[in-house]
>>> print(open('protein39.pdb').read())   # PDB, C-alpha atoms, pLDDT in the B column
ATOM      1  CA  MET A   1      41.366 -53.369  18.631  1.00 54.00           C
ATOM      2  CA  ASN A   2      43.651 -50.336  18.355  1.00 63.00           C
ATOM      3  CA  GLU A   3      43.311 -47.085  20.311  1.00 67.00           C
ATOM      4  CA  GLN A   4      41.332 -45.291  17.584  1.00 62.00           C
ATOM      5  CA  GLN A   5      38.825 -48.139  17.367  1.00 62.00           C
ATOM      6  CA  LYS A   6      38.486 -48.130  21.166  1.00 68.00           C
ATOM      7  CA  ARG A   7      37.821 -44.394  21.069  1.00 66.00           C
ATOM      8  CA  LEU A   8      35.050 -44.856  18.509  1.00 64.00           C
ATOM      9  CA  GLN A   9      33.552 -47.749  20.450  1.00 62.00           C
ATOM     10  CA  THR A  10      33.576 -45.645  23.640  1.00 66.00           C
ATOM     11  CA  TRP A  11      31.710 -42.835  21.906  1.00 59.00           C
ATOM     12  CA  ILE A  12      29.074 -45.246  20.634  1.00 58.00           C
ATOM     13  CA  GLU A  13      28.668 -47.106  23.938  1.00 53.00           C
ATOM     14  CA  ARG A  14      28.221 -43.829  25.833  1.00 57.00           C
ATOM     15  CA  GLY A  15      25.441 -42.877  23.472  1.00 54.00           C
ATOM     16  CA  ASN A  16      27.315 -39.790  22.275  1.00 56.00           C
ATOM     17  CA  VAL A  17      26.893 -40.750  18.651  1.00 56.00           C
ATOM     18  CA  THR A  18      25.780 -43.472  16.251  1.00 68.00           C
ATOM     19  CA  ILE A  19      27.509 -44.470  13.024  1.00 74.00           C
ATOM     20  CA  SER A  20      24.586 -43.401  10.856  1.00 80.00           C
ATOM     21  CA  GLN A  21      24.340 -40.085  12.698  1.00 82.00           C
ATOM     22  CA  LEU A  22      28.035 -39.392  12.146  1.00 84.00           C
ATOM     23  CA  PHE A  23      27.890 -40.487   8.539  1.00 91.00           C
ATOM     24  CA  PHE A  24      24.933 -38.402   7.412  1.00 92.00           C
ATOM     25  CA  GLN A  25      26.277 -35.390   9.292  1.00 91.00           C
ATOM     26  CA  TYR A  26      29.760 -35.421   7.793  1.00 93.00           C
ATOM     27  CA  TYR A  27      29.913 -37.422   4.545  1.00 94.00           C
ATOM     28  CA  LYS A  28      29.454 -34.246   2.489  1.00 95.00           C
ATOM     29  CA  GLU A  29      32.391 -32.680   4.339  1.00 94.00           C
ATOM     30  CA  LEU A  30      34.479 -35.700   3.289  1.00 95.00           C
ATOM     31  CA  MET A  31      33.488 -35.062  -0.349  1.00 95.00           C
ATOM     32  CA  ILE A  32      31.654 -38.387  -0.656  1.00 96.00           C
ATOM     33  CA  ALA A  33      29.108 -38.348  -3.490  1.00 96.00           C
ATOM     34  CA  ASP A  34      25.512 -39.302  -2.758  1.00 96.00           C
ATOM     35  CA  ASN A  35      25.699 -42.555  -4.752  1.00 95.00           C
ATOM     36  CA  ASP A  36      28.885 -43.531  -2.938  1.00 96.00           C
ATOM     37  CA  ALA A  37      27.233 -42.665   0.358  1.00 95.00           C
ATOM     38  CA  MET A  38      24.349 -44.982  -0.435  1.00 95.00           C
ATOM     39  CA  LEU A  39      26.806 -47.705  -1.372  1.00 96.00           C
ATOM     40  CA  ILE A  40      28.501 -47.325   2.010  1.00 95.00           C
ATOM     41  CA  MET A  41      25.169 -47.679   3.788  1.00 94.00           C
ATOM     42  CA  HIS A  42      24.506 -50.876   1.856  1.00 95.00           C
ATOM     43  CA  LEU A  43      27.945 -52.196   2.781  1.00 95.00           C
ATOM     44  CA  GLN A  44      27.167 -51.502   6.425  1.00 91.00           C
ATOM     45  CA  ALA A  45      23.804 -53.258   6.062  1.00 92.00           C
ATOM     46  CA  PHE A  46      25.520 -56.333   4.620  1.00 94.00           C
ATOM     47  CA  HIS A  47      27.961 -56.284   7.527  1.00 91.00           C
ATOM     48  CA  ASP A  48      25.098 -56.109  10.001  1.00 88.00           C
ATOM     49  CA  GLU A  49      23.624 -59.172   8.296  1.00 93.00           C
ATOM     50  CA  GLY A  50      26.926 -61.044   8.652  1.00 92.00           C
ATOM     51  CA  GLU A  51      27.957 -60.786   4.983  1.00 94.00           C
ATOM     52  CA  LEU A  52      31.382 -59.188   5.260  1.00 93.00           C
ATOM     53  CA  PHE A  53      32.422 -59.304   1.613  1.00 95.00           C
ATOM     54  CA  PRO A  54      29.384 -58.684  -0.616  1.00 96.00           C
ATOM     55  CA  THR A  55      30.219 -58.779  -4.300  1.00 95.00           C
ATOM     56  CA  PRO A  56      29.305 -55.953  -6.673  1.00 96.00           C
ATOM     57  CA  ASN A  57      26.632 -58.230  -8.148  1.00 97.00           C
ATOM     58  CA  ARG A  58      25.095 -58.797  -4.716  1.00 96.00           C
ATOM     59  CA  ILE A  59      25.103 -55.086  -3.973  1.00 97.00           C
ATOM     60  CA  ALA A  60      23.627 -54.299  -7.415  1.00 97.00           C
ATOM     61  CA  GLU A  61      20.581 -56.379  -6.491  1.00 96.00           C
ATOM     62  CA  ARG A  62      19.719 -53.675  -3.940  1.00 96.00           C
ATOM     63  CA  MET A  63      20.760 -50.526  -5.814  1.00 96.00           C
ATOM     64  CA  HIS A  64      19.915 -48.683  -9.011  1.00 95.00           C
ATOM     65  CA  LEU A  65      23.517 -49.097 -10.113  1.00 95.00           C
ATOM     66  CA  SER A  66      25.204 -51.696 -12.289  1.00 96.00           C
ATOM     67  CA  ALA A  67      27.799 -54.087 -10.916  1.00 97.00           C
ATOM     68  CA  ASP A  68      30.450 -52.245 -12.952  1.00 97.00           C
ATOM     69  CA  ALA A  69      29.416 -48.882 -11.479  1.00 97.00           C
ATOM     70  CA  ILE A  70      29.544 -50.363  -7.985  1.00 97.00           C
ATOM     71  CA  SER A  71      33.011 -51.814  -8.641  1.00 97.00           C
ATOM     72  CA  ALA A  72      34.218 -48.393  -9.809  1.00 97.00           C
ATOM     73  CA  ALA A  73      32.703 -46.716  -6.733  1.00 97.00           C
ATOM     74  CA  MET A  74      34.333 -49.225  -4.391  1.00 96.00           C
ATOM     75  CA  GLN A  75      37.673 -48.657  -6.077  1.00 96.00           C
ATOM     76  CA  ARG A  76      37.211 -44.915  -5.643  1.00 96.00           C
ATOM     77  CA  LEU A  77      36.390 -45.308  -1.954  1.00 97.00           C
ATOM     78  CA  MET A  78      39.486 -47.466  -1.433  1.00 96.00           C
ATOM     79  CA  GLN A  79      41.712 -44.956  -3.220  1.00 96.00           C
ATOM     80  CA  ASN A  80      40.368 -42.198  -0.978  1.00 96.00           C
ATOM     81  CA  GLY A  81      41.127 -44.262   2.107  1.00 95.00           C
ATOM     82  CA  TYR A  82      37.517 -44.717   3.208  1.00 96.00           C
ATOM     83  CA  ILE A  83      37.309 -48.499   2.931  1.00 95.00           C
ATOM     84  CA  GLU A  84      39.838 -51.292   2.701  1.00 95.00           C
ATOM     85  CA  ILE A  85      39.905 -55.003   2.012  1.00 94.00           C
ATOM     86  CA  VAL A  86      41.527 -56.966   4.826  1.00 93.00           C
ATOM     87  CA  GLN A  87      42.238 -60.630   5.433  1.00 91.00           C
ATOM     88  CA  ASN A  88      41.208 -62.486   8.569  1.00 87.00           C
ATOM     89  CA  ILE A  89      41.511 -66.059   9.812  1.00 88.00           C
ATOM     90  CA  THR A  90      38.779 -67.843  11.744  1.00 85.00           C
ATOM     91  CA  ASP A  91      39.206 -71.504  12.743  1.00 86.00           C
ATOM     92  CA  GLY A  92      42.107 -71.764  10.336  1.00 85.00           C
ATOM     93  CA  VAL A  93      40.056 -70.462   7.401  1.00 88.00           C
ATOM     94  CA  LEU A  94      41.403 -67.409   5.557  1.00 89.00           C
ATOM     95  CA  TYR A  95      38.793 -64.945   4.306  1.00 89.00           C
ATOM     96  CA  GLU A  96      38.529 -61.378   3.098  1.00 93.00           C
ATOM     97  CA  GLN A  97      36.204 -58.644   4.273  1.00 94.00           C
ATOM     98  CA  ILE A  98      35.454 -55.046   3.425  1.00 95.00           C
ATOM     99  CA  ASN A  99      36.544 -52.933   6.374  1.00 92.00           C
ATOM    100  CA  LEU A 100      34.704 -49.658   6.966  1.00 91.00           C
ATOM    101  CA  MET A 101      36.706 -48.660  10.027  1.00 88.00           C
ATOM    102  CA  PRO A 102      38.933 -46.141   8.138  1.00 91.00           C
ATOM    103  CA  LEU A 103      35.798 -44.208   7.188  1.00 92.00           C
ATOM    104  CA  TRP A 104      34.361 -44.332  10.691  1.00 88.00           C
ATOM    105  CA  MET A 105      37.602 -42.965  12.087  1.00 87.00           C
ATOM    106  CA  ARG A 106      37.565 -40.105   9.564  1.00 91.00           C
ATOM    107  CA  LEU A 107      34.007 -39.320  10.640  1.00 89.00           C
ATOM    108  CA  LEU A 108      35.028 -39.364  14.292  1.00 84.00           C
ATOM    109  CA  ASP A 109      37.852 -36.946  13.504  1.00 87.00           C
ATOM    110  CA  CYS A 110      35.317 -34.610  11.870  1.00 89.00           C
ATOM    111  CA  ALA A 111      33.117 -34.742  14.967  1.00 83.00           C
ATOM    112  CA  THR A 112      36.081 -34.220  17.292  1.00 83.00           C
ATOM    113  CA  ASN A 113      37.357 -31.254  15.279  1.00 88.00           C
ATOM    114  CA  GLU A 114      33.926 -29.660  15.237  1.00 89.00           C
ATOM    115  CA  LYS A 115      33.588 -30.094  18.995  1.00 84.00           C
ATOM    116  CA  GLN A 116      37.028 -28.541  19.482  1.00 87.00           C
ATOM    117  CA  GLN A 117      36.101 -25.590  17.254  1.00 89.00           C
ATOM    118  CA  VAL A 118      32.926 -25.006  19.274  1.00 88.00           C
ATOM    119  CA  GLN A 119      34.942 -25.107  22.499  1.00 85.00           C
ATOM    120  CA  GLU A 120      37.516 -22.670  21.111  1.00 86.00           C
ATOM    121  CA  GLN A 121      34.771 -20.279  20.013  1.00 89.00           C
ATOM    122  CA  GLN A 122      33.197 -20.477  23.465  1.00 89.00           C
ATOM    123  CA  ILE A 123      36.557 -19.736  25.086  1.00 86.00           C
ATOM    124  CA  GLU A 124      36.994 -16.674  22.846  1.00 88.00           C
ATOM    125  CA  ILE A 125      33.566 -15.415  23.915  1.00 91.00           C
ATOM    126  CA  GLU A 126      34.340 -15.997  27.593  1.00 90.00           C
ATOM    127  CA  GLU A 127      37.696 -14.235  27.288  1.00 90.00           C
ATOM    128  CA  GLY A 128      36.060 -11.223  25.644  1.00 90.00           C
ATOM    129  CA  GLU A 129      33.483 -11.071  28.439  1.00 94.00           C
ATOM    130  CA  LEU A 130      36.308 -11.368  30.978  1.00 94.00           C
ATOM    131  CA  PHE A 131      38.072  -8.247  29.695  1.00 94.00           C
ATOM    132  CA  ARG A 132      34.788  -6.334  29.720  1.00 94.00           C
ATOM    133  CA  LEU A 133      34.158  -7.439  33.314  1.00 95.00           C
ATOM    134  CA  PHE A 134      37.586  -6.191  34.398  1.00 95.00           C
ATOM    135  CA  GLU A 135      36.910  -2.808  32.821  1.00 94.00           C
ATOM    136  CA  GLN A 136      33.522  -2.683  34.517  1.00 94.00           C
ATOM    137  CA  GLU A 137      34.953  -3.408  37.963  1.00 94.00           C
ATOM    138  CA  PHE A 138      37.944  -1.106  37.458  1.00 94.00           C
ATOM    139  CA  GLY A 139      35.631   1.618  36.164  1.00 93.00           C
ATOM    140  CA  ARG A 140      37.909   2.350  33.223  1.00 94.00           C
ATOM    141  CA  LEU A 141      39.635   0.824  30.236  1.00 94.00           C
ATOM    142  CA  LEU A 142      42.497  -1.497  31.042  1.00 93.00           C
ATOM    143  CA  SER A 143      45.970  -0.205  30.336  1.00 95.00           C
ATOM    144  CA  PRO A 144      48.061  -2.151  27.801  1.00 94.00           C
ATOM    145  CA  MET A 145      50.103  -3.644  30.662  1.00 95.00           C
ATOM    146  CA  GLU A 146      46.969  -4.702  32.536  1.00 95.00           C
ATOM    147  CA  ALA A 147      45.489  -6.281  29.430  1.00 94.00           C
ATOM    148  CA  GLU A 148      48.770  -8.110  28.881  1.00 95.00           C
ATOM    149  CA  THR A 149      48.635  -9.389  32.469  1.00 96.00           C
ATOM    150  CA  VAL A 150      45.157 -10.846  31.924  1.00 95.00           C
ATOM    151  CA  ALA A 151      46.360 -12.437  28.685  1.00 94.00           C
ATOM    152  CA  MET A 152      49.332 -13.922  30.564  1.00 95.00           C
ATOM    153  CA  TRP A 153      46.981 -15.495  33.136  1.00 95.00           C
ATOM    154  CA  LEU A 154      45.113 -17.129  30.279  1.00 94.00           C
ATOM    155  CA  ASP A 155      47.929 -18.120  27.919  1.00 92.00           C
ATOM    156  CA  GLN A 156      50.922 -18.750  30.175  1.00 93.00           C
ATOM    157  CA  ASP A 157      49.392 -19.726  33.497  1.00 93.00           C
ATOM    158  CA  HIS A 158      46.483 -21.524  31.779  1.00 91.00           C
ATOM    159  CA  HIS A 159      43.855 -20.260  34.196  1.00 93.00           C
ATOM    160  CA  THR A 160      40.315 -20.550  32.859  1.00 92.00           C
ATOM    161  CA  PRO A 161      38.239 -17.401  32.303  1.00 93.00           C
ATOM    162  CA  ALA A 162      35.877 -18.645  35.017  1.00 93.00           C
ATOM    163  CA  LEU A 163      38.684 -18.944  37.574  1.00 95.00           C
ATOM    164  CA  ILE A 164      40.077 -15.496  36.725  1.00 96.00           C
ATOM    165  CA  ARG A 165      36.579 -14.078  37.055  1.00 94.00           C
ATOM    166  CA  LYS A 166      36.326 -15.734  40.464  1.00 94.00           C
ATOM    167  CA  ALA A 167      39.626 -14.152  41.531  1.00 94.00           C
ATOM    168  CA  LEU A 168      38.354 -10.754  40.410  1.00 95.00           C
ATOM    169  CA  MET A 169      35.209 -11.223  42.493  1.00 93.00           C
ATOM    170  CA  GLU A 170      37.352 -12.129  45.523  1.00 90.00           C
ATOM    171  CA  ALA A 171      39.233  -8.862  45.032  1.00 92.00           C
ATOM    172  CA  VAL A 172      35.955  -6.948  44.764  1.00 92.00           C
ATOM    173  CA  LEU A 173      34.710  -8.490  48.030  1.00 88.00           C
ATOM    174  CA  ALA A 174      37.976  -7.545  49.719  1.00 86.00           C
ATOM    175  CA  GLN A 175      37.727  -4.040  48.248  1.00 90.00           C
ATOM    176  CA  LYS A 176      41.222  -4.514  46.841  1.00 91.00           C
ATOM    177  CA  VAL A 177      40.562  -4.317  43.108  1.00 93.00           C
ATOM    178  CA  THR A 178      44.147  -4.230  41.885  1.00 94.00           C
ATOM    179  CA  MET A 179      46.022  -6.401  39.416  1.00 96.00           C
ATOM    180  CA  ARG A 180      48.590  -7.181  42.108  1.00 94.00           C
ATOM    181  CA  TYR A 181      45.957  -8.517  44.491  1.00 94.00           C
ATOM    182  CA  ILE A 182      44.257 -10.599  41.800  1.00 96.00           C
ATOM    183  CA  ASP A 183      47.613 -11.945  40.667  1.00 95.00           C
ATOM    184  CA  ARG A 184      48.345 -12.989  44.252  1.00 94.00           C
ATOM    185  CA  ILE A 185      45.057 -14.876  44.434  1.00 93.00           C
ATOM    186  CA  LEU A 186      45.765 -16.736  41.198  1.00 95.00           C
ATOM    187  CA  PHE A 187      49.346 -17.455  42.264  1.00 94.00           C
ATOM    188  CA  ASP A 188      48.109 -18.969  45.530  1.00 92.00           C
ATOM    189  CA  TRP A 189      45.492 -21.063  43.725  1.00 93.00           C
ATOM    190  CA  LYS A 190      48.017 -22.357  41.233  1.00 93.00           C
ATOM    191  CA  LYS A 191      50.451 -23.230  44.039  1.00 92.00           C
ATOM    192  CA  ASN A 192      47.688 -25.267  45.675  1.00 92.00           C
ATOM    193  CA  ASN A 193      46.611 -26.900  42.380  1.00 93.00           C
ATOM    194  CA  ILE A 194      43.223 -25.187  42.359  1.00 93.00           C
ATOM    195  CA  LYS A 195      41.778 -25.261  38.845  1.00 91.00           C
ATOM    196  CA  THR A 196      38.020 -24.778  39.202  1.00 93.00           C
ATOM    197  CA  VAL A 197      35.693 -22.268  40.809  1.00 93.00           C
ATOM    198  CA  GLU A 198      34.310 -24.999  43.057  1.00 93.00           C
ATOM    199  CA  GLU A 199      37.792 -25.836  44.343  1.00 94.00           C
ATOM    200  CA  ALA A 200      38.471 -22.139  44.948  1.00 92.00           C
ATOM    201  CA  ASP A 201      35.238 -21.827  46.944  1.00 90.00           C
ATOM    202  CA  ARG A 202      36.155 -24.802  49.130  1.00 90.00           C
ATOM    203  CA  TYR A 203      39.680 -23.476  49.621  1.00 88.00           C
ATOM    204  CA  ALA A 204      38.474 -20.064  50.775  1.00 80.00           C
ATOM    205  CA  GLN A 205      35.797 -21.627  52.988  1.00 83.00           C
ATOM    206  CA  ASN A 206      38.380 -23.878  54.650  1.00 83.00           C
ATOM    207  CA  PHE A 207      40.504 -20.812  55.347  1.00 76.00           C
ATOM    208  CA  ARG A 208      37.577 -18.971  56.919  1.00 73.00           C
ATOM    209  CA  ASP A 209      36.641 -22.007  59.028  1.00 77.00           C
ATOM    210  CA  HIS A 210      40.236 -22.410  60.183  1.00 73.00           C
ATOM    211  CA  ASN A 211      40.498 -18.710  61.004  1.00 70.00           C
ATOM    212  CA  LEU A 212      37.253 -18.810  62.989  1.00 73.00           C
ATOM    213  CA  LYS A 213      38.397 -21.849  64.959  1.00 75.00           C
ATOM    214  CA  LYS A 214      41.714 -20.169  65.713  1.00 72.00           C
ATOM    215  CA  GLN A 215      39.964 -17.057  67.047  1.00 69.00           C
ATOM    216  CA  LEU A 216      37.699 -19.126  69.281  1.00 73.00           C
ATOM    217  CA  GLN A 217      40.646 -21.011  70.715  1.00 73.00           C
ATOM    218  CA  GLN A 218      42.552 -17.804  71.435  1.00 69.00           C
ATOM    219  CA  GLN A 219      39.589 -16.024  73.059  1.00 65.00           C
ATOM    220  CA  PRO A 220      37.380 -18.644  74.727  1.00 56.00           C
ATOM    221  CA  GLU A 221      35.972 -16.089  77.175  1.00 55.00           C
ATOM    222  CA  LEU A 222      34.162 -14.141  74.437  1.00 50.00           C
ATOM    223  CA  THR A 223      30.412 -14.146  74.921  1.00 52.00           C
ATOM    224  CA  GLN A 224      29.687 -12.512  71.583  1.00 56.00           C
ATOM    225  CA  PRO A 225      29.952 -14.703  68.473  1.00 56.00           C
ATOM    226  CA  VAL A 226      33.066 -14.122  66.414  1.00 50.00           C
ATOM    227  CA  LYS A 227      32.268 -12.407  63.149  1.00 50.00           C
ATOM    228  CA  ARG A 228      33.149 -14.568  60.169  1.00 49.00           C
ATOM    229  CA  ALA A 229      35.558 -13.023  57.723  1.00 47.00           C
ATOM    230  CA  PRO A 230      33.635 -12.240  54.520  1.00 47.00           C
ATOM    231  CA  PHE A 231      36.626 -12.912  52.298  1.00 50.00           C
ATOM    232  CA  TYR A 232      40.087 -14.425  52.180  1.00 54.00           C
ATOM    233  CA  ASN A 233      42.741 -11.710  52.573  1.00 59.00           C
ATOM    234  CA  TRP A 234      45.171 -13.086  50.011  1.00 55.00           C
ATOM    235  CA  LEU A 235      47.809 -10.467  50.830  1.00 58.00           C
ATOM    236  CA  GLU A 236      47.531 -10.877  54.580  1.00 55.00           C
ATOM    237  CA  GLU A 237      51.068 -12.233  54.927  1.00 47.00           C
ATOM    238  CA  GLU A 238      52.476  -9.238  53.070  1.00 47.00           C
ATOM    239  CA  GLU A 239      50.638  -6.557  55.043  1.00 43.00           C
TER     240      GLU A 239
END
>>> encode(input="protein39.pdb", output="structure tokens")
Amino acid sequence: MNEQQKRLQTWIERGNVTISQLFFQYYKELMIADNDAMLIMHLQAFHDEGELFPTPNRIAERMHLSADAISAAMQRLMQNGYIEIVQNITDGVLYEQINLMPLWMRLLDCATNEKQQVQEQQIEIEEGELFRLFEQEFGRLLSPMEAETVAMWLDQDHHTPALIRKALMEAVLAQKVTMRYIDRILFDWKKNNIKTVEEADRYAQNFRDHNLKKQLQQQPELTQPVKRAPFYNWLEEEE
């Protein structure tokens, strides 16, 4: 089993998709005619029954098509790269079978491409909302340089919109809503391999816990509880 076949098998085993679901969803996109689509379903049914090389005459017994029409359709499907005839050996016996795997892989590619398109559209929406959020928090339109900086965080540094939004919220909490401060936050996160909002939350919480412990160790005589820092001062070392 090659890597593509393993990928298809994984999808099926995880319950993400079934062959029939993929086929009926995408066969029109592959320009497969309805009669040819029905022929493919019959071929799959024969396979499920253990008959790996049904003849046109056998298939014609189940369809409203002649054996000649079925032969022509099978030839058309082979020319288009949807099915193939392969040879196998079992217990020293050579036999031929109609292989539908090329078609299934084409269907999987259709599903994968569609999923990728949906993800790309969602990213575009999130990026648009991100720019609007920056303008809302800054109380004005972003300058061309500021907009370019946000685009650089996305395209060059490969930060997700969610992580950039988290950095902006950190800056808001610190009352330091500047591009420099936000850039420092993202730089620190990237240096520490932080890629998700959850990781950023844990990182900031660890800092606050460490800072609180340090204060308690330095001033053990305090009777009043030490006030927890509400945010991580990302520019503390520079100030």
>>> residues_around(input="protein39.pdb", residues="Gln75 (chain A)", least_positions_apart="6", cutoff="12 Å", atoms="only C-alpha atoms", output="ChimeraX atom specification")
/A:36,39,56,68-69,81-85,98
>>> resolve_selection(input="protein39.pdb", expression="the PyMOL selection byres ((chain A and resi 151-158) around 10)", output="VMD selection string")
chain A and resid 127 131 145 to 150 159 to 161 163 to 164 183 186 to 187 190 195
>>> atom_distance(input="protein39.pdb", atom1="CA of Arg76 (chain A)", atom2="CA of Ala60 (chain A)")
16.6 Å
>>> atom_distance(input="protein39.pdb", atom1="CA of Ala167 (chain A)", atom2="CA of Ile185 (chain A)")
6.2 Å
>>> atom_distance(input="protein39.pdb", atom1="CA of Gly92 (chain A)", atom2="CA of Thr55 (chain A)")
22.9 Å
>>> residues_around(input="protein39.pdb", residues="Ala162 (chain A)", least_positions_apart="5", cutoff="9 Å", atoms="only C-alpha atoms", output="ChimeraX atom specification")
/A:126,130,167,196-197
>>> resolve_selection(input="protein39.pdb", expression="the PyMOL selection byres ((chain A and resi 21-30) around 9)", output="PyMOL selection string")
chain A and resi 17-20+31-34+37+103-104+106-108+110-111
>>> write_last_selection(input="protein39.pdb", atoms="C-alpha atoms", output="PDB file, keeping the file's coordinate frame")
ATOM      1  CA  VAL A  17      26.893 -40.750  18.651  1.00 56.00           C
ATOM      2  CA  THR A  18      25.780 -43.472  16.251  1.00 68.00           C
ATOM      3  CA  ILE A  19      27.509 -44.470  13.024  1.00 74.00           C
ATOM      4  CA  SER A  20      24.586 -43.401  10.856  1.00 80.00           C
ATOM      5  CA  MET A  31      33.488 -35.062  -0.349  1.00 95.00           C
ATOM      6  CA  ILE A  32      31.654 -38.387  -0.656  1.00 96.00           C
ATOM      7  CA  ALA A  33      29.108 -38.348  -3.490  1.00 96.00           C
ATOM      8  CA  ASP A  34      25.512 -39.302  -2.758  1.00 96.00           C
ATOM      9  CA  ALA A  37      27.233 -42.665   0.358  1.00 95.00           C
ATOM     10  CA  LEU A 103      35.798 -44.208   7.188  1.00 92.00           C
ATOM     11  CA  TRP A 104      34.361 -44.332  10.691  1.00 88.00           C
ATOM     12  CA  ARG A 106      37.565 -40.105   9.564  1.00 91.00           C
ATOM     13  CA  LEU A 107      34.007 -39.320  10.640  1.00 89.00           C
ATOM     14  CA  LEU A 108      35.028 -39.364  14.292  1.00 84.00           C
ATOM     15  CA  CYS A 110      35.317 -34.610  11.870  1.00 89.00           C
ATOM     16  CA  ALA A 111      33.117 -34.742  14.967  1.00 83.00           C
TER      17      ALA A 111
END
>>> closest_residue(input="protein39.pdb", among="A:Glu198, A:Glu137, A:Asp209, A:Glu51", to="Val177 (chain A)", atoms="all atoms listed in the file")
A:Glu137
>>> closest_residue(input="protein39.pdb", among="A:Gln116, A:Ala45, A:Asn35, A:Phe53", to="Leu65 (chain A)", atoms="all atoms listed in the file")
A:Asn35
>>> closest_residue(input="protein39.pdb", among="A:Met105, A:Leu100, A:Leu94, A:Leu133", to="His42 (chain A)", atoms="all atoms listed in the file")
A:Leu100
>>> build_atoms(input="protein39.pdb", residues="region 129-147 of chain A", atoms="N, CA and C atoms", output="PDB file, in the frame of the given file")
ATOM      1  N   GLU A 129      34.322 -11.507  27.319  1.00 94.00           N
ATOM      2  CA  GLU A 129      33.483 -11.071  28.439  1.00 94.00           C
ATOM      3  C   GLU A 129      34.330 -10.795  29.680  1.00 94.00           C
ATOM      4  N   LEU A 130      35.430 -11.559  29.824  1.00 94.00           N
ATOM      5  CA  LEU A 130      36.308 -11.368  30.978  1.00 94.00           C
ATOM      6  C   LEU A 130      36.953  -9.985  30.953  1.00 94.00           C
ATOM      7  N   PHE A 131      37.459  -9.573  29.799  1.00 94.00           N
ATOM      8  CA  PHE A 131      38.072  -8.247  29.695  1.00 94.00           C
ATOM      9  C   PHE A 131      37.050  -7.147  29.972  1.00 94.00           C
ATOM     10  N   ARG A 132      35.822  -7.333  29.472  1.00 94.00           N
ATOM     11  CA  ARG A 132      34.788  -6.334  29.720  1.00 94.00           C
ATOM     12  C   ARG A 132      34.438  -6.258  31.214  1.00 94.00           C
ATOM     13  N   LEU A 133      34.450  -7.420  31.887  1.00 95.00           N
ATOM     14  CA  LEU A 133      34.158  -7.439  33.314  1.00 95.00           C
ATOM     15  C   LEU A 133      35.239  -6.712  34.106  1.00 95.00           C
ATOM     16  N   PHE A 134      36.486  -6.899  33.731  1.00 95.00           N
ATOM     17  CA  PHE A 134      37.586  -6.191  34.398  1.00 95.00           C
ATOM     18  C   PHE A 134      37.411  -4.682  34.247  1.00 95.00           C
ATOM     19  N   GLU A 135      37.083  -4.245  33.048  1.00 94.00           N
ATOM     20  CA  GLU A 135      36.910  -2.808  32.821  1.00 94.00           C
ATOM     21  C   GLU A 135      35.720  -2.268  33.604  1.00 94.00           C
ATOM     22  N   GLN A 136      34.693  -3.096  33.739  1.00 94.00           N
ATOM     23  CA  GLN A 136      33.522  -2.683  34.517  1.00 94.00           C
ATOM     24  C   GLN A 136      33.875  -2.512  35.989  1.00 94.00           C
ATOM     25  N   GLU A 137      34.602  -3.475  36.550  1.00 94.00           N
ATOM     26  CA  GLU A 137      34.953  -3.408  37.963  1.00 94.00           C
ATOM     27  C   GLU A 137      36.019  -2.356  38.252  1.00 94.00           C
ATOM     28  N   PHE A 138      36.919  -2.133  37.280  1.00 94.00           N
ATOM     29  CA  PHE A 138      37.944  -1.106  37.458  1.00 94.00           C
ATOM     30  C   PHE A 138      37.381   0.291  37.182  1.00 94.00           C
ATOM     31  N   GLY A 139      36.242   0.334  36.488  1.00 93.00           N
ATOM     32  CA  GLY A 139      35.631   1.618  36.164  1.00 93.00           C
ATOM     33  C   GLY A 139      36.361   2.393  35.095  1.00 93.00           C
ATOM     34  N   ARG A 140      37.141   1.693  34.289  1.00 94.00           N
ATOM     35  CA  ARG A 140      37.909   2.350  33.223  1.00 94.00           C
ATOM     36  C   ARG A 140      38.422   1.286  32.269  1.00 94.00           C
ATOM     37  N   LEU A 141      38.986   1.750  31.154  1.00 94.00           N
ATOM     38  CA  LEU A 141      39.635   0.824  30.236  1.00 94.00           C
ATOM     39  C   LEU A 141      40.920   0.296  30.854  1.00 94.00           C
ATOM     40  N   LEU A 142      41.241  -0.947  30.561  1.00 93.00           N
ATOM     41  CA  LEU A 142      42.497  -1.497  31.042  1.00 93.00           C
ATOM     42  C   LEU A 142      43.663  -0.875  30.284  1.00 93.00           C
ATOM     43  N   SER A 143      44.760  -0.670  31.001  1.00 95.00           N
ATOM     44  CA  SER A 143      45.970  -0.205  30.336  1.00 95.00           C
ATOM     45  C   SER A 143      46.561  -1.364  29.525  1.00 95.00           C
ATOM     46  N   PRO A 144      47.431  -1.063  28.562  1.00 94.00           N
ATOM     47  CA  PRO A 144      48.061  -2.151  27.801  1.00 94.00           C
ATOM     48  C   PRO A 144      48.759  -3.177  28.695  1.00 94.00           C
ATOM     49  N   MET A 145      49.415  -2.725  29.755  1.00 95.00           N
ATOM     50  CA  MET A 145      50.103  -3.644  30.662  1.00 95.00           C
ATOM     51  C   MET A 145      49.102  -4.522  31.420  1.00 95.00           C
ATOM     52  N   GLU A 146      47.988  -3.927  31.831  1.00 95.00           N
ATOM     53  CA  GLU A 146      46.969  -4.702  32.536  1.00 95.00           C
ATOM     54  C   GLU A 146      46.336  -5.729  31.620  1.00 95.00           C
ATOM     55  N   ALA A 147      46.055  -5.331  30.396  1.00 94.00           N
ATOM     56  CA  ALA A 147      45.489  -6.281  29.430  1.00 94.00           C
ATOM     57  C   ALA A 147      46.468  -7.414  29.158  1.00 94.00           C
TER      58      ALA A 147
END
